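Enquirer: File input-v5.csv below, CSV, C-alpha atoms:
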```
chain,number,residue,atom,x,y,z
A,1,MET,CA,-144.4,137.6,-5.9
A,2,ARG,CA,-142.8,141.0,-6.6
A,3,SER,CA,-143.7,142.2,-3.1
A,4,ARG,CA,-141.6,139.4,-1.6
A,5,ALA,CA,-138.5,140.1,-3.6
A,6,PRO,CA,-137.0,142.8,-1.4
A,7,ALA,CA,-137.5,140.7,1.7
A,8,HIS,CA,-135.8,137.8,0.0
A,9,LEU,CA,-132.9,139.9,-1.1
A,10,ALA,CA,-132.5,141.3,2.4
A,11,ALA,CA,-132.4,137.8,3.8
A,12,LEU,CA,-129.7,136.8,1.4
A,13,PHE,CA,-127.7,139.9,2.2
A,14,LEU,CA,-128.0,139.3,5.9
A,15,SER,CA,-127.0,135.7,5.6
A,16,THR,CA,-123.9,136.8,3.6
A,17,ILE,CA,-122.9,139.2,6.2
A,18,LEU,CA,-123.3,136.6,9.0
A,19,ALA,CA,-121.3,134.1,7.1
A,20,THR,CA,-118.5,136.7,6.6
A,21,VAL,CA,-118.5,137.6,10.3
A,22,LEU,CA,-118.4,133.9,11.3
A,23,LEU,CA,-115.4,133.3,9.0
A,24,ALA,CA,-113.6,136.4,10.4
A,25,VAL,CA,-114.2,135.3,14.0
A,26,GLY,CA,-113.2,131.7,13.4
A,27,GLY,CA,-110.4,132.4,10.9
A,28,GLY,CA,-107.8,130.5,12.8
A,29,ALA,CA,-109.8,127.3,13.0
A,30,ALA,CA,-111.0,127.6,9.5
A,31,HIS,CA,-107.4,128.0,8.3
A,32,ALA,CA,-106.4,124.8,10.1
A,33,ARG,CA,-109.4,122.7,9.0
A,34,THR,CA,-111.1,123.7,5.8
A,35,PRO,CA,-114.3,122.0,4.6
A,36,SER,CA,-113.5,118.7,3.0
A,37,PRO,CA,-115.2,117.4,-0.2
A,38,SER,CA,-117.7,114.7,0.1
A,39,PRO,CA,-116.2,111.2,0.0
A,40,SER,CA,-116.0,109.6,-3.4
A,41,PRO,CA,-116.5,105.9,-2.9
A,42,SER,CA,-116.0,105.3,-6.7
A,43,LEU,CA,-112.3,106.0,-6.4
A,44,PRO,CA,-110.4,102.7,-7.0
A,45,SER,CA,-108.7,100.8,-4.3
A,46,SER,CA,-105.4,101.1,-6.3
A,47,VAL,CA,-104.1,102.6,-9.5
A,48,ASP,CA,-101.2,100.9,-11.3
A,49,GLY,CA,-98.6,103.3,-12.7
A,50,GLY,CA,-97.1,100.7,-15.0
A,51,ALA,CA,-93.5,99.4,-15.5
A,52,TRP,CA,-90.9,101.5,-17.1
A,53,SER,CA,-87.3,101.7,-18.1
A,54,SER,CA,-86.5,104.7,-15.9
A,55,GLY,CA,-85.5,105.8,-12.4
A,56,HIS,CA,-87.6,104.7,-9.4
A,57,LEU,CA,-90.9,106.2,-8.5
A,58,GLN,CA,-90.6,109.6,-6.9
A,59,GLY,CA,-94.2,111.0,-6.4
A,60,THR,CA,-97.8,111.0,-7.5
A,61,ALA,CA,-100.6,113.4,-8.1
A,62,ILE,CA,-104.3,113.1,-8.9
A,63,ASP,CA,-106.7,115.1,-11.0
A,64,ARG,CA,-110.0,113.9,-9.4
A,65,ARG,CA,-112.3,116.0,-11.7
A,66,LYS,CA,-110.8,114.5,-14.9
A,67,GLY,CA,-110.0,111.1,-13.4
A,68,HIS,CA,-106.2,111.1,-14.1
A,69,MET,CA,-103.2,110.0,-12.0
A,70,TYR,CA,-99.7,111.2,-12.6
A,71,PHE,CA,-96.6,109.3,-11.7
A,72,SER,CA,-93.0,110.7,-11.5
A,73,PHE,CA,-90.3,108.1,-12.3
A,74,THR,CA,-87.2,110.3,-11.9
A,75,ASP,CA,-86.7,111.0,-15.6
A,76,LEU,CA,-90.2,110.2,-16.8
A,77,LEU,CA,-93.7,111.5,-16.2
A,78,VAL,CA,-96.6,109.0,-16.8
A,79,LYS,CA,-100.3,110.0,-17.0
A,80,THR,CA,-102.9,107.3,-16.5
A,81,ASP,CA,-106.6,107.1,-16.0
A,82,LEU,CA,-107.9,105.7,-12.7
A,83,SER,CA,-108.0,102.2,-14.1
A,84,GLY,CA,-104.2,102.4,-14.6
A,85,ARG,CA,-104.4,102.7,-18.4
A,86,PRO,CA,-101.6,104.8,-19.8
A,87,ILE,CA,-102.8,108.0,-21.5
A,88,GLY,CA,-99.5,109.7,-22.1
A,89,SER,CA,-95.9,110.3,-20.9
A,90,VAL,CA,-93.3,113.0,-21.0
A,91,THR,CA,-89.6,112.0,-21.5
A,92,GLY,CA,-86.3,113.8,-22.1
A,93,PHE,CA,-85.4,114.8,-18.6
A,94,THR,CA,-81.7,114.5,-17.7
A,95,GLY,CA,-82.3,116.0,-14.3
A,96,HIS,CA,-84.2,114.6,-11.3
A,97,LEU,CA,-87.9,114.9,-11.4
A,98,GLY,CA,-89.2,114.4,-7.9
A,99,ASP,CA,-92.5,114.8,-6.0
A,100,LEU,CA,-95.7,116.0,-7.7
A,101,ASP,CA,-98.9,117.8,-6.7
A,102,PHE,CA,-101.9,118.9,-8.6
A,103,ASN,CA,-103.0,122.6,-8.5
A,104,THR,CA,-106.8,122.8,-8.6
A,105,ALA,CA,-106.6,126.6,-9.3
A,106,ASP,CA,-105.0,126.2,-12.7
A,107,GLY,CA,-105.5,122.5,-13.5
A,108,ARG,CA,-101.8,121.8,-13.9
A,109,VAL,CA,-99.3,119.4,-12.3
A,110,TYR,CA,-96.3,120.9,-10.4
A,111,GLY,CA,-93.1,118.9,-9.7
A,112,SER,CA,-89.7,119.4,-8.3
A,113,LEU,CA,-86.9,119.3,-10.9
A,114,GLU,CA,-83.2,119.5,-10.1
A,115,TYR,CA,-79.9,119.7,-12.0
A,116,LYS,CA,-77.3,119.5,-9.3
A,117,ALA,CA,-74.3,119.5,-11.7
A,118,ALA,CA,-75.6,122.8,-13.2
A,119,GLU,CA,-76.6,124.2,-9.8
A,120,ALA,CA,-80.1,124.7,-11.2
A,121,PHE,CA,-83.3,124.0,-9.3
A,122,TYR,CA,-86.8,124.4,-10.8
A,123,VAL,CA,-90.5,123.8,-10.3
A,124,ALA,CA,-91.7,122.0,-13.4
A,125,ILE,CA,-95.2,122.8,-14.4
A,126,PHE,CA,-97.1,120.3,-16.7
A,127,ASP,CA,-100.1,121.0,-18.7
A,128,GLY,CA,-101.9,117.7,-18.3
A,129,ALA,CA,-104.5,118.5,-21.0
A,130,ARG,CA,-101.7,118.4,-23.6
A,131,ILE,CA,-100.2,115.1,-22.5
A,132,THR,CA,-102.2,113.0,-25.0
A,133,ARG,CA,-99.7,110.4,-26.2
A,134,MET,CA,-96.7,108.4,-25.1
A,135,ASN,CA,-93.1,109.6,-25.2
A,136,MET,CA,-93.7,113.3,-25.6
A,137,ASP,CA,-90.4,115.1,-25.4
A,138,ALA,CA,-90.3,117.6,-22.6
A,139,ARG,CA,-88.0,119.9,-24.6
A,140,THR,CA,-90.1,120.2,-27.8
A,141,ALA,CA,-93.7,119.1,-27.1
A,142,ASP,CA,-94.8,122.3,-25.3
A,143,VAL,CA,-96.2,120.4,-22.3
A,144,VAL,CA,-93.9,121.6,-19.6
A,145,SER,CA,-92.5,125.0,-18.4
A,146,THR,CA,-90.1,125.7,-15.5
A,147,VAL,CA,-89.6,128.3,-12.9
A,148,HIS,CA,-86.2,128.8,-11.3
A,149,LEU,CA,-85.8,128.8,-7.5
A,150,ARG,CA,-82.9,131.1,-6.6
A,151,GLU,CA,-83.2,130.6,-2.8
A,152,VAL,CA,-82.4,126.9,-3.2
A,153,VAL,CA,-79.3,127.6,-5.3
A,154,ARG,CA,-78.0,130.0,-2.6
A,155,ASP,CA,-78.3,127.4,0.1
A,156,TYR,CA,-77.1,124.5,-2.0
A,157,THR,CA,-74.0,126.3,-3.2
A,158,ALA,CA,-73.1,127.9,0.2
A,159,ASP,CA,-69.4,127.7,1.1
A,160,MET,CA,-70.0,127.0,4.7
A,161,ASN,CA,-66.4,126.5,5.8
A,162,GLY,CA,-65.2,129.6,3.9
A,163,ASP,CA,-62.4,127.9,2.0
A,164,GLY,CA,-63.4,129.5,-1.3
A,165,VAL,CA,-64.3,126.1,-2.8
A,166,PHE,CA,-67.8,124.7,-3.3
A,167,ASP,CA,-67.5,121.0,-2.8
A,168,GLY,CA,-70.3,120.0,-5.2
A,169,ASN,CA,-72.8,117.1,-5.0
A,170,THR,CA,-71.6,115.4,-1.9
A,171,GLY,CA,-72.9,115.1,1.7
A,172,ASP,CA,-69.4,114.5,3.1
A,173,THR,CA,-68.6,118.2,3.4
A,174,PRO,CA,-69.4,121.2,5.7
A,175,ASP,CA,-70.8,123.0,2.6
A,176,HIS,CA,-74.5,123.4,1.7
A,177,ARG,CA,-76.4,125.6,4.1
A,178,TYR,CA,-78.7,123.4,6.3
A,179,GLY,CA,-77.3,120.4,4.5
A,180,CYS,CA,-79.3,121.4,1.4
A,181,SER,CA,-79.0,118.8,-1.4
A,182,GLY,CA,-81.7,120.4,-3.6
A,183,ILE,CA,-85.4,119.9,-3.5
A,184,ASP,CA,-87.9,117.1,-3.6
A,185,GLY,CA,-91.2,117.3,-1.7
A,186,ILE,CA,-93.8,119.7,-3.1
A,187,ALA,CA,-97.4,120.4,-2.2
A,188,PHE,CA,-100.1,123.1,-2.3
A,189,GLY,CA,-101.7,124.3,1.0
A,190,PRO,CA,-102.3,127.3,3.2
A,191,ASP,CA,-99.8,129.9,4.3
A,192,LEU,CA,-97.8,128.5,7.2
A,193,ASN,CA,-97.8,131.9,8.8
A,194,HIS,CA,-101.6,131.8,8.9
A,195,ARG,CA,-101.8,135.1,7.1
A,196,GLY,CA,-104.3,133.8,4.5
A,197,GLY,CA,-103.9,132.7,0.9
A,198,GLY,CA,-102.8,129.4,-0.7
A,199,ARG,CA,-99.2,128.7,-1.3
A,200,LEU,CA,-96.9,126.2,-3.2
A,201,THR,CA,-94.6,124.6,-0.7
A,202,VAL,CA,-91.3,123.2,-1.7
A,203,ALA,CA,-89.2,121.1,0.7
A,204,TYR,CA,-85.4,120.8,0.6
A,205,GLY,CA,-83.6,117.6,0.1
A,206,VAL,CA,-81.0,117.3,2.9
A,207,TYR,CA,-77.8,115.2,2.8
A,208,SER,CA,-77.3,112.5,5.3
A,209,ASN,CA,-74.4,113.6,7.4
A,210,THR,CA,-73.9,112.5,11.0
A,211,ALA,CA,-70.9,114.7,11.6
A,212,ARG,CA,-72.6,118.1,11.5
A,213,THR,CA,-75.3,119.7,13.7
A,214,ASP,CA,-76.7,122.2,11.3
A,215,ASN,CA,-78.7,119.7,9.2
A,216,ASP,CA,-81.4,118.6,11.7
A,217,HIS,CA,-84.3,120.6,10.2
A,218,GLN,CA,-86.6,120.0,7.3
A,219,VAL,CA,-86.6,123.3,5.3
A,220,LEU,CA,-89.8,124.4,3.6
A,221,LEU,CA,-90.1,127.3,1.1
A,222,GLN,CA,-93.5,128.8,0.3
A,223,TYR,CA,-94.4,130.7,-2.9
A,224,ASP,CA,-97.5,132.5,-4.1
A,225,VAL,CA,-97.7,131.2,-7.7
A,226,ARG,CA,-100.6,133.3,-9.0
A,227,ASP,CA,-98.3,135.5,-11.0
A,228,TRP,CA,-95.8,132.8,-11.9
A,229,ARG,CA,-96.6,132.7,-15.6
A,230,ARG,CA,-94.4,135.7,-16.1
A,231,TYR,CA,-91.4,133.5,-14.9
A,232,GLU,CA,-92.2,130.4,-16.8
A,233,ARG,CA,-89.8,129.3,-19.5
A,234,PRO,CA,-89.5,126.2,-21.6
A,235,LEU,CA,-87.2,123.4,-20.5
A,236,VAL,CA,-83.9,123.7,-22.4
A,237,GLU,CA,-81.5,120.9,-21.4
A,238,GLY,CA,-78.0,122.3,-21.2
A,239,ALA,CA,-79.0,125.9,-21.2
A,240,HIS,CA,-80.6,126.4,-17.8
A,241,HIS,CA,-82.4,129.7,-17.3
A,242,THR,CA,-82.7,131.7,-14.1
A,243,SER,CA,-86.2,133.1,-14.5
A,244,GLY,CA,-88.0,133.0,-11.1
A,245,PRO,CA,-88.8,134.8,-7.9
A,246,ALA,CA,-85.9,136.5,-6.2
A,247,SER,CA,-86.9,135.0,-2.9
A,248,PRO,CA,-89.6,132.8,-1.4
A,249,ASP,CA,-92.7,134.3,0.3
A,250,GLY,CA,-91.8,132.4,3.4
A,251,LYS,CA,-89.0,130.1,4.7
A,252,PHE,CA,-89.8,127.6,7.5
A,253,PHE,CA,-88.0,125.0,9.6
A,254,ALA,CA,-89.3,121.7,11.2
A,255,TYR,CA,-87.0,120.1,13.8
A,256,THR,CA,-87.0,116.4,13.1
A,257,GLY,CA,-83.3,115.4,13.2
A,258,ASN,CA,-81.3,114.7,10.0
A,259,THR,CA,-82.9,112.6,7.4
A,260,THR,CA,-81.5,110.9,4.2
A,261,TYR,CA,-82.3,113.4,1.4
A,262,GLY,CA,-84.9,115.3,3.3
A,263,VAL,CA,-88.7,115.4,2.6
A,264,GLN,CA,-89.3,112.9,-0.2
A,265,ASN,CA,-93.0,113.5,-0.3
A,266,LEU,CA,-94.9,116.5,1.1
A,267,GLU,CA,-98.7,116.6,1.3
A,268,TYR,CA,-101.2,118.9,2.8
A,269,ASP,CA,-104.3,117.2,4.2
A,270,ARG,CA,-107.3,119.4,4.2
A,271,HIS,CA,-109.3,117.0,6.4
A,272,SER,CA,-107.0,117.4,9.4
A,273,GLY,CA,-105.4,120.7,8.4
A,274,ASN,CA,-101.9,119.1,8.9
A,275,TRP,CA,-98.9,118.6,6.7
A,276,LEU,CA,-97.4,115.2,6.1
A,277,MET,CA,-93.6,114.8,5.4
A,278,ALA,CA,-92.5,111.3,4.3
A,279,VAL,CA,-88.8,110.8,4.5
A,280,TYR,CA,-86.0,108.2,4.2
A,281,LYS,CA,-84.8,107.5,7.7
A,282,GLY,CA,-81.9,109.4,9.1
A,283,ARG,CA,-78.9,107.8,10.8
A,284,LYS,CA,-78.1,110.1,13.8
A,285,THR,CA,-78.4,108.1,17.1
A,286,ALA,CA,-79.6,111.1,19.0
A,287,PHE,CA,-82.9,111.1,17.1
A,288,PRO,CA,-85.7,108.6,16.6
A,289,ASN,CA,-85.3,108.6,12.8
A,290,TYR,CA,-89.0,108.1,12.0
A,291,SER,CA,-90.2,107.8,8.4
A,292,LEU,CA,-93.2,110.2,8.7
A,293,TYR,CA,-93.4,113.5,10.4
A,294,VAL,CA,-96.6,115.6,10.7
A,295,VAL,CA,-96.6,119.4,11.0
A,296,ASP,CA,-99.4,120.7,13.2
A,297,GLY,CA,-101.4,122.9,10.8
A,298,SER,CA,-103.4,124.5,13.6
A,299,LYS,CA,-100.3,126.3,14.9
A,300,PRO,CA,-98.8,129.2,12.9
A,301,ALA,CA,-95.0,129.3,12.5
A,302,ARG,CA,-93.3,131.1,15.4
A,303,ARG,CA,-90.0,132.9,15.5
A,304,GLY,CA,-87.4,130.8,17.2
A,305,GLU,CA,-83.9,129.3,17.1
A,306,VAL,CA,-82.8,127.3,14.1
A,307,LYS,CA,-80.8,124.9,16.2
A,308,GLY,CA,-77.2,123.7,15.5
A,309,GLN,CA,-76.1,126.5,13.1
A,310,PRO,CA,-72.5,127.8,13.0
A,311,ARG,CA,-73.7,131.2,14.2
A,312,PRO,CA,-76.9,131.9,16.2
A,313,GLU,CA,-79.8,132.0,13.8
A,314,SER,CA,-83.5,132.6,14.2
A,315,GLY,CA,-86.2,131.6,11.7
A,316,ARG,CA,-89.9,130.6,11.4
A,317,ILE,CA,-90.2,127.4,13.3
A,318,LEU,CA,-93.0,124.9,12.7
A,319,THR,CA,-94.6,122.6,15.3
A,320,LEU,CA,-94.7,118.9,15.0
A,321,LEU,CA,-98.1,117.4,15.8
A,322,PRO,CA,-97.9,116.0,19.4
A,323,ARG,CA,-99.3,112.6,18.4
A,324,GLY,CA,-97.9,109.3,17.4
A,325,LEU,CA,-94.5,108.0,18.6
A,326,HIS,CA,-92.6,110.4,20.9
A,327,HIS,CA,-88.9,110.5,21.4
A,328,GLU,CA,-88.5,112.3,24.7
A,329,PRO,CA,-84.7,113.1,24.5
A,330,SER,CA,-85.1,115.1,21.3
A,331,GLY,CA,-88.8,116.0,21.8
A,332,VAL,CA,-89.5,114.7,18.2
A,333,TYR,CA,-92.9,113.2,17.3
A,334,GLY,CA,-93.5,111.0,14.3
A,335,TYR,CA,-94.7,107.7,12.8
A,336,GLU,CA,-93.4,104.7,10.9
A,337,SER,CA,-95.1,104.4,7.5
A,338,GLY,CA,-94.8,104.4,3.7
A,339,GLY,CA,-95.3,107.5,1.5
A,340,GLN,CA,-91.8,108.1,0.5
A,341,TYR,CA,-92.6,107.1,-3.1
A,342,GLY,CA,-95.9,108.9,-3.4
A,343,LEU,CA,-98.5,110.3,-1.0
A,344,VAL,CA,-101.8,111.9,-2.1
A,345,SER,CA,-104.4,113.2,0.4
A,346,LEU,CA,-108.1,112.9,-0.8
A,347,ASP,CA,-109.0,115.4,1.9
A,348,ASP,CA,-111.6,113.2,3.5
A,349,GLY,CA,-109.5,110.9,5.7
A,350,ARG,CA,-108.3,108.8,2.9
A,351,HIS,CA,-104.9,108.8,1.1
A,352,TYR,CA,-103.2,107.1,-1.7
A,353,VAL,CA,-99.9,105.7,-0.4
A,354,THR,CA,-97.8,104.6,-3.3
A,355,GLU,CA,-95.6,101.5,-3.5
A,356,ALA,CA,-92.5,101.3,-5.6
A,357,GLY,CA,-90.9,98.1,-7.0
A,358,THR,CA,-89.2,96.4,-9.9
A,359,VAL,CA,-90.0,93.7,-12.4
A,360,ASP,CA,-87.7,91.8,-14.8
A,361,SER,CA,-88.6,92.0,-18.5
A,362,GLY,CA,-86.3,89.9,-20.6
A,363,GLY,CA,-83.3,90.7,-18.6
A,364,THR,CA,-84.2,94.4,-18.2
A,365,THR,CA,-85.2,95.8,-14.8
A,366,LEU,CA,-88.3,98.0,-15.1
A,367,GLN,CA,-89.4,100.3,-12.3
A,368,THR,CA,-93.0,100.0,-11.1
A,369,GLY,CA,-95.4,102.1,-9.0
A,370,ARG,CA,-98.9,101.5,-7.6
A,371,ALA,CA,-101.0,103.9,-5.6
A,372,VAL,CA,-103.0,102.1,-2.9
A,373,LEU,CA,-105.9,103.6,-1.1
A,374,HIS,CA,-105.5,103.9,2.7
A,375,ARG,CA,-107.4,105.6,5.5
A,376,TRP,CA,-105.7,107.6,8.3
A,377,THR,CA,-106.3,106.2,11.7
A,378,GLY,CA,-103.5,107.9,13.7
A,379,ALA,CA,-102.6,104.6,15.2
A,380,VAL,CA,-99.0,103.8,16.1
A,381,PRO,CA,-96.6,103.0,14.7
A,382,ASN,CA,-98.3,103.1,11.3
A,383,PRO,CA,-101.1,105.7,11.1
A,384,PHE,CA,-102.4,104.3,7.7
A,385,THR,CA,-104.5,101.2,7.1
A,386,VAL,CA,-106.1,99.8,4.0
A,387,PRO,CA,-109.9,100.1,4.2
A,388,GLY,CA,-111.5,96.9,5.3
A,389,ARG,CA,-108.5,95.9,7.4
A,390,PRO,CA,-108.6,96.2,11.2
```
Would you write the structure of this file as structure tokens?
Expert:
Amino acid sequence: MRSRAPAHLAALFLSTILATVLLAVGGGAAHARTPSPSPSPSLPSSVDGGAWSSGHLQGTAIDRRKGHMYFSFTDLLVKTDLSGRPIGSVTGFTGHLGDLDFNTADGRVYGSLEYKAAEAFYVAIFDGARITRMNMDARTADVVSTVHLREVVRDYTADMNGDGVFDGNTGDTPDHRYGCSGIDGIAFGPDLNHRGGGRLTVAYGVYSNTARTDNDHQVLLQYDVRDWRRYERPLVEGAHHTSGPASPDGKFFAYTGNTTYGVQNLEYDRHSGNWLMAVYKGRKTAFPNYSLYVVDGSKPARRGEVKGQPRPESGRILTLLPRGLHHEPSGVYGYESGGQYGLVSLDDGRHYVTEAGTVDSGGTTLQTGRAVLHRWTGAVPNPFTVPGRP
């Protein structure tokens, strides 16, 4: 047996080198389509997020390894198992808790969190392992930390008409660069420049305003979060900190036409290598106003014109996937589907598309959410279908 060991080691060494060469040669394709996990047929057809006295459902995230689902209800985070049984919740938010995503690298849940009146925008980071009971206070229970996003503040507070006055939280103004109303969609995925490495991507909210031309892009910021623990601070309502990166690692623009509050749910789909952006429809008649746009992940961002700006501006432009519905006058592609209240890719062609609703409980209106399993077909107008349906 010992006489065969050197040959065995040599074979292993050679196979490692060959694998490295193949990855280097096919790096672009591997970046756009990474290996997907094996399908998990045991995942339930739906997960009920419960009914709560809160704001409406904003986003969802799944921890497949531990079998947990997370639901964001604007001022409340709810953790359930995959049968829908509540395990814990986090309360005490006076700001707007938006879309969620699960980071497999550190096992934590990341969400967008904004305080417009305070001109403060954060990524909220939840330690799901510590969410073990209901009604845990975000300010005192040591389950959530926050990282400040300075770039969002700069664009949100921009005095675009130069009158020396920032007009605040209103879309009926020329202020707010790119129409920035804050942040909402959030997702982990690859570098949009195709330079390697995973990134946290945060999408702007964008005010609905049909009178201006500089708000027709979805704006995405990317961050390398591997060293973010040095920025993390506890959530202190009323005493908003500014600990965070000075600038993003990348800023990108997707030309879709103006939407109502920008990307509500952002999701990277490893199965296709594409990015999904679910939105509330826009109102500009020059655009098709779809409810879902898909960024082509096989194409790196390219330097180009950021259309409609007061002064000529160039930026990193993303390409919409040339599939689905096509509006020839604007050149915009997209689909009509749900996902605005929650969208989770399972990276095998299946997705949880979340439905929001209300129920009456003794005269009190409660907000509900339910994540329903779909598969991607790419059909038009709706690319999602419930498994078993034609």
Enquirer: Rank A:Thr377, A:Asn161, A:Ser272, A:Thr91 by their smallest atom-to-atom distance to Ala138 in chain A, using all atoms listed in the file, and report the top residue only.
Expert: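 Among A:Thr377, A:Asn161, A:Ser272, A:Thr91, it is A:Thr91 that comes nearest to Ala138 in chain A.
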Enquirer: Which neighbours of range 40-49 of chain A fall inside 6 Å, counting all atoms listed in the file, when residues of the same chain fewer than 3 positions from it are skipped, and could you give them as a PyMOL selection string?
Expert: chain A and resi 82+84+369-373
Enquirer: What is the CA of Gly308 in chain A-CA of Gly179 in chain A distance in Å, reported with one decimal?
Expert: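 About the pair CA of Gly308 in chain A and CA of Gly179 in chain A: they are 11.5 Å apart.
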Enquirer: Need to verify the contact set: Arg85 in chain A, 12 Å, only C-alpha atoms, exclusion of same-chain residues closer than 4 positions in sequence. Can you return it as a PyMOL selection string?
Expert: chain A and resi 47-51+67-70+78-81+89+133-134
Enquirer: What's around range 189-200 of chain A at 6 Å? Count only C-alpha atoms, leave out sequence neighbours fewer than 2 positions away in its own chain, and write the answer as an MDAnalysis selection string.
Expert: chainID A and resid 187 222:224 268 300:301
Enquirer: Sorted by chain and rising residue number, which residues of range 303-355 of chain A lie within 12 Å of range 102-124 of chain A, and what are their closest atom pairs and distances in Å to one decimal, counting all atoms listed in the file, as CSV?
Expert:
```
residue,atom,partner,partner_atom,distance
A:Leu343,CA,A:Phe102,CA,12.0
A:Val344,CA,A:Phe102,CA,9.6
A:Ser345,CA,A:Phe102,CA,10.9
A:Leu346,CA,A:Phe102,CA,11.6
```
Enquirer: Write out, as a Markdown table, each residue of range 210-251 of chain A that has an atom at most 12 Å from range 309-321 of chain A, together with the closest pair of atoms and their distance in Å to one decimal, counting only C-alpha atoms, rows going by chain and rising number.
Expert:
```
| residue | atom | partner | partner_atom | distance |
| --- | --- | --- | --- | --- |
| A:Arg212 | CA | A:Gln309 | CA | 9.2 |
| A:Thr213 | CA | A:Gln309 | CA | 6.9 |
| A:Asp214 | CA | A:Gln309 | CA | 4.7 |
| A:Asn215 | CA | A:Gln309 | CA | 8.3 |
| A:Asp216 | CA | A:Gln309 | CA | 9.6 |
| A:His217 | CA | A:Ile317 | CA | 9.5 |
| A:Gln218 | CA | A:Leu318 | CA | 9.7 |
| A:Val219 | CA | A:Ile317 | CA | 9.7 |
| A:Leu220 | CA | A:Leu318 | CA | 9.7 |
| A:Leu221 | CA | A:Arg316 | CA | 10.8 |
| A:Gln222 | CA | A:Arg316 | CA | 11.8 |
| A:Gly250 | CA | A:Arg316 | CA | 8.4 |
| A:Lys251 | CA | A:Arg316 | CA | 6.8 |
```
Enquirer: Which of these residues is nearest to Ile186 in chain A, using only C-alpha atoms: A:Gly88, A:Gly164, A:Gly205, A:Gly363?
Expert: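 Counting only C-alpha atoms, the residue closest to Ile186 in chain A is A:Gly205.
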Enquirer: I'd like the interatomic distance between CA of Tyr255 in chain A and CA of Asp163 in chain A, to a tenth of an Å.
Expert: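 Going from CA of Tyr255 in chain A over to CA of Asp163 in chain A, I get 28.4 Å.
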Enquirer: Got a sec: who's within 10 Å of Arg130 in chain A, counting all atoms listed in the file, leaving out chain neighbours fewer than 2 positions off, as a ChimeraX atom specification?
Expert: /A:88,126-128,132-133,136,141-144
Enquirer: Okay, now the selection with C-alpha atoms, as an mmCIF file, in the frame of the given file?
Expert:
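Dumped to selection_13.cif:
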```cif
data_model
loop_
_atom_site.group_PDB
_atom_site.id
_atom_site.type_symbol
_atom_site.label_atom_id
_atom_site.label_comp_id
_atom_site.auth_asym_id
_atom_site.auth_seq_id
_atom_site.Cartn_x
_atom_site.Cartn_y
_atom_site.Cartn_z
ATOM 1 C CA GLY A 88 -99.500 109.700 -22.100
ATOM 2 C CA PHE A 126 -97.100 120.300 -16.700
ATOM 3 C CA ASP A 127 -100.100 121.000 -18.700
ATOM 4 C CA GLY A 128 -101.900 117.700 -18.300
ATOM 5 C CA THR A 132 -102.200 113.000 -25.000
ATOM 6 C CA ARG A 133 -99.700 110.400 -26.200
ATOM 7 C CA MET A 136 -93.700 113.300 -25.600
ATOM 8 C CA ALA A 141 -93.700 119.100 -27.100
ATOM 9 C CA ASP A 142 -94.800 122.300 -25.300
ATOM 10 C CA VAL A 143 -96.200 120.400 -22.300
ATOM 11 C CA VAL A 144 -93.900 121.600 -19.600
#
```
Enquirer: Figure out the distance between CA of Met277 in chain A and CA of Gly338 in chain A, please, to one decimal in Å.
Expert: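 Computing the Euclidean distance for CA of Gly338 in chain A and CA of Met277 in chain A yields 10.6 Å.
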Enquirer: Find the residue from A:Tyr207, A:Glu355, A:Ser243, A:His327 that sits nearest to Thr256 in chain A; use only C-alpha atoms when measuring.
Expert: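 Selected residue with least distance to Thr256 in chain A: A:His327.
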Enquirer: Which residues are near range 228-239 of chain A? Cut-off 6 Å, all atoms listed in the file, ignore same chain within fewer than 2 positions. Put them as a PyMOL selection string.
Expert: chain A and resi 139+145-147+225-226+243-244
Enquirer: Restricting the calculation to all atoms listed in the file, which member of A:Ser361, A:Thr210, A:Thr201, A:Ser83 is positioned closest to Gly171 in chain A?
Expert: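 Smallest distance to Gly171 in chain A is found for A:Thr210.
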Enquirer: Around the point (-112.3, 108.7, 3.6) (coordinates from the file), which residues reach within 7 Å if we count only C-alpha atoms? Answer as number ranges by chain.
Expert: A: 39, 348-350, 375
Enquirer: Under the rule that all atoms listed in the file are counted, which of A:Asp167, A:Asp360, A:Asp99, A:Glu336 is the nearest residue to Phe73 in chain A?
Expert: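 Closest residue, counting all atoms listed in the file: A:Asp99.
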Enquirer: Between A:Val263, A:Leu97, A:Val386, A:Ala278, which is the closest to Gln58 in chain A once you count only C-alpha atoms?
Expert: A:Leu97
Enquirer: Could you give me, as number ranges by chain, the residues that sit within 12 Å of (-98.1, 99.7, 11.4) in the file's coordinates, counting all atoms listed in the file?
Expert: A: 291-292, 324-325, 335-338, 376-386, 389-390
